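Okay, my_file36.cif is below, mmCIF, C-alpha atoms and all ligand atoms:
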data_target
#
loop_
_atom_site.label_atom_id
_atom_site.label_comp_id
_atom_site.auth_asym_id
_atom_site.auth_seq_id
_atom_site.Cartn_x
_atom_site.Cartn_y
_atom_site.Cartn_z
CA MET A 1 0.00 0.00 0.00
CA LEU A 2 1.35 3.40 -1.00
CA ASN A 3 1.03 6.27 1.45
CA ALA A 4 0.95 9.99 0.76
CA PHE A 5 3.89 12.21 1.71
CA THR A 6 2.95 15.89 1.77
CA VAL A 7 4.68 19.18 2.56
CA ASP A 8 2.93 22.48 3.33
CA VAL A 9 5.36 24.96 1.77
CA GLU A 10 5.31 28.07 3.93
CA GLU A 11 7.79 30.29 5.79
CA TRP A 12 8.50 30.06 9.52
CA PHE A 13 6.45 33.25 10.02
CA HIS A 14 3.30 31.98 8.29
CA VAL A 15 1.58 31.13 11.54
CA CYS A 16 -2.24 31.06 11.31
CA ARG A 17 -4.12 33.75 13.21
CA ALA A 18 -0.93 35.34 14.55
CA GLU A 19 -1.40 38.75 12.94
CA ARG A 20 -0.87 40.40 16.34
CA TYR A 21 2.61 38.93 16.71
CA LEU A 22 3.64 38.68 13.05
CA PRO A 23 1.84 41.46 11.12
CA ARG A 24 1.53 40.81 7.40
CA ASP A 25 3.17 44.09 6.51
CA ARG A 26 6.35 42.82 8.22
CA TRP A 27 6.53 39.48 6.35
CA GLU A 28 8.51 41.01 3.50
CA SER A 29 11.27 42.19 5.84
CA LEU A 30 11.67 38.87 7.69
CA PRO A 31 14.44 36.46 6.67
CA SER A 32 13.34 33.74 4.26
CA ARG A 33 14.25 30.17 5.28
CA VAL A 34 11.85 28.16 3.17
CA GLU A 35 14.46 26.98 0.66
CA ARG A 36 16.71 25.32 3.20
CA GLY A 37 13.78 23.39 4.69
CA VAL A 38 12.55 22.33 1.25
CA ASP A 39 16.08 21.27 0.28
CA ALA A 40 16.31 19.03 3.36
CA ILE A 41 12.98 17.40 2.50
CA ARG A 42 14.03 16.87 -1.13
CA THR A 43 17.21 15.20 0.03
CA LEU A 44 15.10 12.84 2.13
CA CYS A 45 12.85 12.04 -0.85
CA ASP A 46 15.91 11.31 -3.00
CA ARG A 47 17.50 9.14 -0.31
CA TYR A 48 14.41 6.91 -0.16
CA SER A 49 13.59 7.22 -3.88
CA PHE A 50 10.08 8.59 -3.75
CA ARG A 51 8.30 11.76 -4.81
CA ALA A 52 6.02 13.94 -2.66
CA THR A 53 3.19 16.46 -2.91
CA PHE A 54 4.17 20.05 -2.11
CA PHE A 55 1.15 22.19 -1.15
CA VAL A 56 2.65 25.59 -1.95
CA LEU A 57 1.45 28.99 -0.73
CA GLY A 58 1.04 31.46 -3.60
CA TRP A 59 2.94 34.00 -1.46
CA VAL A 60 5.96 31.68 -1.40
CA ALA A 61 5.68 30.70 -5.09
CA GLU A 62 5.73 34.38 -6.06
CA ARG A 63 9.04 34.87 -4.24
CA HIS A 64 10.72 31.53 -5.00
CA PRO A 65 9.59 30.53 -8.52
CA ALA A 66 12.87 28.75 -9.33
CA MET A 67 12.41 26.44 -6.33
CA ILE A 68 8.88 25.51 -7.47
CA ARG A 69 9.98 24.97 -11.07
CA SER A 70 12.81 22.75 -9.90
CA LEU A 71 10.49 20.66 -7.69
CA ALA A 72 8.09 20.16 -10.61
CA ALA A 73 10.93 19.30 -13.00
CA ASP A 74 12.13 16.73 -10.49
CA GLY A 75 8.79 14.87 -10.60
CA HIS A 76 7.24 16.19 -7.37
CA GLU A 77 3.58 17.16 -7.38
CA ILE A 78 2.90 20.91 -7.05
CA ALA A 79 -0.41 21.48 -5.25
CA CYS A 80 -1.96 24.55 -3.63
CA HIS A 81 -2.01 25.78 -0.01
CA GLY A 82 -3.89 29.03 -0.85
CA HIS A 83 -2.25 32.40 -1.30
CA ASP A 84 -1.51 34.04 2.01
CA HIS A 85 -2.37 31.44 4.67
CA THR A 86 -5.68 32.90 5.83
CA VAL A 87 -7.78 30.22 7.56
CA LEU A 88 -11.17 29.65 5.95
CA PHE A 89 -13.02 30.57 9.15
CA ASP A 90 -11.82 34.14 8.49
CA GLN A 91 -12.88 34.12 4.84
CA ARG A 92 -16.10 34.36 2.87
CA PRO A 93 -16.71 32.50 -0.39
CA SER A 94 -15.87 35.62 -2.41
CA SER A 95 -12.52 36.30 -0.67
CA PHE A 96 -11.67 32.58 -0.76
CA ARG A 97 -12.39 32.51 -4.50
CA GLU A 98 -9.98 35.41 -5.04
CA ASP A 99 -7.29 33.87 -2.81
CA LEU A 100 -7.58 30.52 -4.61
CA ALA A 101 -7.62 32.08 -8.10
CA ARG A 102 -4.50 34.11 -7.34
CA ALA A 103 -2.56 31.11 -5.99
CA THR A 104 -3.80 28.81 -8.77
CA SER A 105 -2.75 31.21 -11.49
CA LEU A 106 0.71 31.70 -9.96
CA LEU A 107 1.33 27.98 -9.49
CA THR A 108 0.06 27.13 -12.99
CA GLY A 109 2.32 29.74 -14.57
CA ILE A 110 5.38 28.58 -12.63
CA ALA A 111 4.90 24.80 -12.63
CA GLY A 112 3.53 24.64 -16.19
CA SER A 113 0.31 22.78 -15.32
CA PRO A 114 -2.62 23.57 -13.02
CA PRO A 115 -2.47 22.20 -9.47
CA GLN A 116 -4.91 19.35 -8.83
CA GLY A 117 -4.87 19.26 -5.04
CA TYR A 118 -5.70 21.84 -2.39
CA ARG A 119 -5.01 21.97 1.35
CA ALA A 120 -6.42 24.79 3.49
CA PRO A 121 -4.32 26.48 6.18
CA GLU A 122 -4.79 24.75 9.55
CA TRP A 123 -7.19 22.06 8.23
CA SER A 124 -9.91 24.70 8.00
CA VAL A 125 -12.32 22.95 5.63
CA THR A 126 -15.03 21.71 8.02
CA ARG A 127 -18.82 21.37 7.91
CA GLU A 128 -19.01 25.14 8.61
CA THR A 129 -16.77 25.97 5.65
CA ALA A 130 -17.96 23.17 3.35
CA TRP A 131 -18.83 25.84 0.73
CA ALA A 132 -15.08 25.85 0.01
CA LEU A 133 -15.34 22.40 -1.60
CA ASP A 134 -17.67 23.79 -4.30
CA GLU A 135 -15.19 26.59 -4.94
CA ILE A 136 -12.26 24.16 -5.07
CA ALA A 137 -14.04 21.93 -7.59
CA ARG A 138 -15.18 24.95 -9.61
CA ALA A 139 -11.56 26.11 -9.84
CA GLY A 140 -10.68 22.79 -11.50
CA TYR A 141 -9.20 20.93 -8.52
CA LEU A 142 -9.62 17.16 -8.31
CA TYR A 143 -8.97 16.68 -4.62
CA ASP A 144 -8.92 18.36 -1.23
CA ALA A 145 -6.74 17.39 1.74
CA SER A 146 -8.04 19.78 4.40
CA HIS A 147 -10.22 17.64 6.67
CA LEU A 148 -9.00 16.77 10.15
CA PRO A 149 -11.50 14.31 11.67
CA SER A 150 -10.62 15.03 15.30
CA ARG A 151 -11.79 17.26 18.11
CA ILE A 152 -8.18 18.46 18.40
CA CYS A 153 -7.66 21.25 15.83
CA GLY A 154 -10.36 19.76 13.55
CA ARG A 155 -13.94 18.49 13.62
CA PRO A 156 -14.89 15.08 15.09
CA GLY A 157 -17.78 14.35 12.70
CA LEU A 158 -15.73 14.28 9.51
CA ARG A 159 -14.99 11.00 7.71
CA ARG A 160 -11.72 9.37 8.56
CA TRP A 161 -10.46 7.82 5.31
CA PRO A 162 -10.14 9.00 1.70
CA HIS A 163 -13.55 9.29 0.03
CA LEU A 164 -15.35 11.01 -2.83
CA ILE A 165 -17.43 14.15 -2.32
CA SER A 166 -20.15 15.49 -4.63
CA THR A 167 -19.99 19.24 -5.10
CA ASP A 168 -21.93 21.73 -7.22
CA ALA A 169 -19.10 21.52 -9.73
CA GLY A 170 -18.61 17.74 -9.85
CA THR A 171 -17.00 14.99 -7.81
CA ILE A 172 -13.70 15.49 -6.05
CA ALA A 173 -11.72 13.27 -3.68
CA GLU A 174 -11.01 14.08 -0.04
CA PHE A 175 -7.89 12.77 1.71
CA PRO A 176 -8.29 13.59 5.42
CA ALA A 177 -5.38 13.95 7.84
CA THR A 178 -4.48 10.59 9.38
CA THR A 179 -5.72 10.01 12.93
CA LEU A 180 -5.43 7.27 15.54
CA SER A 181 -7.82 6.37 18.34
CA LEU A 182 -6.68 6.81 21.92
CA LEU A 183 -8.87 6.90 25.04
CA ARG A 184 -11.99 7.05 22.85
CA GLN A 185 -10.65 10.11 21.07
CA ARG A 186 -9.44 10.40 17.53
CA LEU A 187 -6.16 12.27 17.47
CA PRO A 188 -4.06 13.53 14.58
CA CYS A 189 -0.78 11.59 14.50
CA LEU A 190 1.24 12.19 11.34
CA SER A 191 1.42 15.97 11.14
CA GLY A 192 3.06 18.83 13.05
CA PHE A 193 2.78 18.75 16.84
CA SER A 194 1.10 15.33 16.90
CA LEU A 195 3.84 13.65 14.87
CA ARG A 196 6.39 15.06 17.31
CA CYS A 197 4.41 13.90 20.38
CA PHE A 198 3.80 10.23 19.56
CA PRO A 199 6.72 7.81 20.01
CA LEU A 200 8.02 6.34 16.76
CA SER A 201 7.00 2.82 17.86
CA VAL A 202 3.36 3.94 18.18
CA LEU A 203 3.40 5.56 14.75
CA ARG A 204 4.95 2.49 13.13
CA ARG A 205 2.39 0.18 14.74
CA HIS A 206 -0.44 2.43 13.64
CA ILE A 207 0.72 2.60 10.02
CA GLU A 208 1.15 -1.19 9.97
CA LYS A 209 -2.36 -1.64 11.35
CA VAL A 210 -3.79 0.76 8.77
CA ARG A 211 -1.86 -1.03 6.03
CA GLY A 212 -3.37 -4.31 7.24
CA ALA A 213 -6.79 -2.79 6.58
CA GLU A 214 -5.57 -1.78 3.10
CA ARG A 215 -5.83 1.92 3.79
CA PRO A 216 -3.25 4.63 3.11
CA VAL A 217 -1.96 7.21 5.58
CA SER A 218 -0.85 10.76 4.91
CA VAL A 219 2.24 12.37 6.43
CA ALA A 220 2.25 16.19 6.51
CA VAL A 221 5.37 18.22 7.31
CA HIS A 222 6.58 21.82 6.98
CA PRO A 223 9.92 23.21 5.76
CA TRP A 224 10.48 25.00 9.09
CA GLU A 225 10.40 21.63 10.86
CA PHE A 226 13.41 20.59 8.74
CA ASP A 227 15.36 23.81 9.30
CA PRO A 228 18.16 22.98 11.77
CA ASP A 229 17.89 26.40 13.41
CA PRO A 230 14.57 28.07 12.56
CA PRO A 231 13.96 31.62 13.81
CA ARG A 232 11.41 31.57 16.64
CA ALA A 233 8.15 33.37 15.98
CA PRO A 234 7.20 35.62 18.95
CA LEU A 235 4.12 33.66 19.99
CA PRO A 236 2.42 33.49 23.41
CA TRP A 237 3.60 30.59 25.58
CA GLY A 238 0.90 28.02 24.74
CA ARG A 239 1.04 28.56 21.01
CA GLY A 240 4.82 28.72 21.01
CA PHE A 241 4.94 25.42 22.91
CA ALA A 242 2.71 23.64 20.39
CA HIS A 243 4.58 25.15 17.46
CA TYR A 244 8.10 24.26 18.57
CA PHE A 245 7.71 21.31 20.96
CA ARG A 246 10.38 18.71 20.10
CA ILE A 247 10.83 20.31 16.70
CA ARG A 248 14.23 18.65 16.23
CA SER A 249 12.58 15.24 16.48
CA THR A 250 10.70 15.70 13.18
CA PRO A 251 13.49 14.94 10.65
CA PRO A 252 14.78 11.70 12.26
CA LYS A 253 11.26 10.46 12.96
CA VAL A 254 10.07 11.15 9.43
CA GLU A 255 13.23 9.54 8.05
CA ALA A 256 12.53 6.40 10.08
CA LEU A 257 9.02 6.26 8.59
CA CYS A 258 10.43 6.75 5.07
CA SER A 259 12.79 3.84 5.59
CA ALA A 260 9.98 1.55 6.75
CA PHE A 261 7.01 2.44 4.49
CA ARG A 262 6.35 3.35 0.86
CA PHE A 263 5.40 6.92 0.01
CA ALA A 264 4.27 8.74 -3.12
CA PRO A 265 2.54 11.99 -4.13
CA MET A 266 -1.03 12.22 -2.85
CA ARG A 267 -2.23 12.40 -6.47
CA ASP A 268 -0.91 8.88 -7.14
CA VAL A 269 -2.39 7.40 -3.97
CA LEU A 270 -5.82 8.81 -4.82
CA ALA A 271 -5.53 7.69 -8.47
CA ALA A 272 -5.10 4.13 -7.22
CA LEU A 273 -8.09 4.38 -4.89
CA PHE A 274 -10.59 6.06 -7.21
CA PRO A 275 -10.65 4.75 -10.81
CA PRO A 276 -13.18 7.39 -11.99
CA LEU A 277 -10.61 10.11 -11.24
CA ARG A 278 -7.53 8.13 -12.26
CA ASP A 279 -6.93 9.45 -15.78
CA ARG A 280 -7.45 13.06 -14.80
CA LEU A 281 -5.26 12.74 -11.69
CA ARG A 282 -2.47 11.25 -13.73
CA ARG A 283 -2.52 14.04 -16.28
CA ASN A 284 0.31 15.87 -14.47
CA ALA A 285 2.26 12.76 -13.46
CA PRO A 286 5.58 12.00 -15.15
CA THR A 287 4.96 9.85 -18.25
CA SER A 288 8.33 8.11 -18.18
CA GLY A 289 11.20 7.47 -15.79
CA ARG A 290 11.33 5.85 -12.39
CA TYR A 291 8.55 8.00 -10.89
CA ALA A 292 6.00 7.48 -13.67
CA PRO A 293 2.92 5.58 -12.44
CA ALA A 294 2.69 2.11 -14.00
CA ASP A 295 -0.37 1.27 -16.11
CA ASP A 296 -1.95 -1.19 -13.73
CA THR A 297 -0.55 -0.11 -10.36
CA PRO A 298 -0.25 3.22 -8.58
CA LEU A 299 3.50 2.74 -8.22
CA ALA A 300 5.23 6.10 -8.09
CA GLY A 301 7.29 5.56 -5.00
CA ARG A 302 10.38 3.51 -4.39
CA PRO A 303 10.61 0.00 -5.76
CA SER A 304 9.52 -2.69 -3.36
ZN ZN B 1 0.02 25.97 6.45
#
I need this file expressed as C-alpha cells, please.
Ligand SMILES: [Zn+2]
Amino acid sequence: MLNAFTVDVEEWFHVCRAERYLPRDRWESLPSRVERGVDAIRTLCDRYSFRATFFVLGWVAERHPAMIRSLAADGHEIACHGHDHTVLFDQRPSSFREDLARATSLLTGIAGSPPQGYRAPEWSVTRETAWALDEIARAGYLYDASHLPSRICGRPGLRRWPHLISTDAGTIAEFPATTLSLLRQRLPCLSGFSLRCFPLSVLRRHIEKVRGAERPVSVAVHPWEFDPDPPRAPLPWGRGFAHYFRIRSTPPKVEALCSAFRFAPMRDVLAALFPPLRDRLRRNAPTSGRYAPADDTPLAGRPS
C-alpha cells in the first residue's frame, strides 16, 4: 500500500491567526528560510527514492519561482495551499475565490500545469466551511486534503479515510489527515505537533495496522520543521509550545518512517483508490522514468 507524503510549503512566520505577533506588513522584511527546509525534505525524498506532494502557498511561489519549477521538473507534485495562509473561518466565499484564483494562477504559470490538489491552512475545511469544496471543484481541482476528523484542531464528525465528495461543480476526492484512536478520542498523529508527540514505535504500529486494513496514511510536514535552526516566531507561551515542541525530532522520525514504508505523491495514492478520477489525476504525473505511475498499479514511489 502506498502512502501519501505531503509538505505544506510556507515560511517560519506563516503562523495562522498570529497577525498580532507577526503582522503581514512585516513578512517582506523577515528572513526567508523556506528553501533550506525544502532542500532538506528533497534530500530525504531522494535518499528513499520517492516523490512527494508540495502544497505551496502562492505568497511563497511568487518569491521563489525557481524552487517551485525545480520541484516540478524533479517529478514532485505541485499542489496549492492558498495564497496568504488565511484560515477559511476568516474568509467568505468571495474572498476565498480570489485567494484561490491568485494562488492557482501563480502555481500554474510557474509549474507549467494547473495544481490538482488543495489543502487549506490549519485544516480549516469543516462542515461550517464546506462551501469551500464547491469553490475548489469549480476552480478545477480534483482533490482536497483539508479535513482533520478530530476534536483536536479539527472536527470530530468528519470521515476518517479517503472518500469522494459530490460538489456543485462535480465529484472530487477528499484525503483527510491521518488520525489514531486513543482513550476514545481520535487524534491527529502524522502531522506537526502530533507527529512530534507520539513515540516512533506507536506511529509504526499504527501505520502497519492501517496497512493491514488496506488503507493509506498521509504524512504532513513543513519546511520550518526541517530547518536545523529556525527563527522563533514571537508567539504566546501556549502557542509557542505547540509550534516548537520537540521540533528537532521531526526529521529523524520522518526519516525512520520513510525507511519503513512506501510513500508517493497524494495524487498517485488517490488515483489508485478512485478509478473514476484516475486518468485526470495522472494528467500531471511524469509519463516516463522511475517515478512514472505504472499502467496497472499506482507505483510512483520507491521500488519494493
Ligand atoms: Zn500551512
Inset, instruction - Could you tell me, counting only C-alpha atoms and all ligand atoms, which protein and nucleic acid residues lie no more than 7 Å from ligand ZN 1 (chain B), written as a ChimeraX atom specification? - result: /A:8,10,81,85,121-122
Would you write out those residues with C-alpha atoms, as a CSV table (one decimal), in the frame of the given file?
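Wrote selection.csv, looks like this:
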chain,number,residue,atom,x,y,z
A,8,ASP,CA,2.9,22.5,3.3
A,10,GLU,CA,5.3,28.1,3.9
A,81,HIS,CA,-2.0,25.8,0.0
A,85,HIS,CA,-2.4,31.4,4.7
A,121,PRO,CA,-4.3,26.5,6.2
A,122,GLU,CA,-4.8,24.8,9.6
Inset, instruction - Have a look at A:Ser150, A:Thr86, A:Asn3, A:Thr250 and name the one nearest to Leu100 (chain A); count only C-alpha atoms. - result: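 The shortest atom-to-atom distance to Leu100 (chain A) comes from A:Thr86.
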Inset, instruction - Using all atoms listed in the file, find the one residue out of A:Leu164, A:Ile207, A:Ala220, A:Cys80 that sits nearest to Ala177 (chain A). - result: A:Ala220
Inset, instruction - Between CA of Leu57 (chain A) and CA of His222 (chain A), measure the distance and give it in Å to one decimal. - result: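 CA of Leu57 (chain A) sits 11.7 Å away from CA of His222 (chain A).
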Counting all atoms listed in the file, give me one row per residue of region 161-232 of chain A with an atom at most 9 Å from an atom of region 267-270 of chain A, showing the shortest contact pair and its distance in Å to one decimal, sorted by chain then residue number, as a Markdown table.
| residue | atom | partner | partner_atom | distance |
| --- | --- | --- | --- | --- |
| A:Pro162 | CA | A:Leu270 | CA | 7.8 |
| A:Ala173 | CA | A:Leu270 | CA | 7.5 |
| A:Glu174 | CA | A:Leu270 | CA | 8.8 |
| A:Phe175 | CA | A:Leu270 | CA | 7.9 |
| A:Pro216 | CA | A:Val269 | CA | 7.7 |
Inset, instruction - Please measure the separation of CA of Thr179 (chain A) and CA of Leu107 (chain A), giving the value in Å to one decimal. - result: 29.6 Å
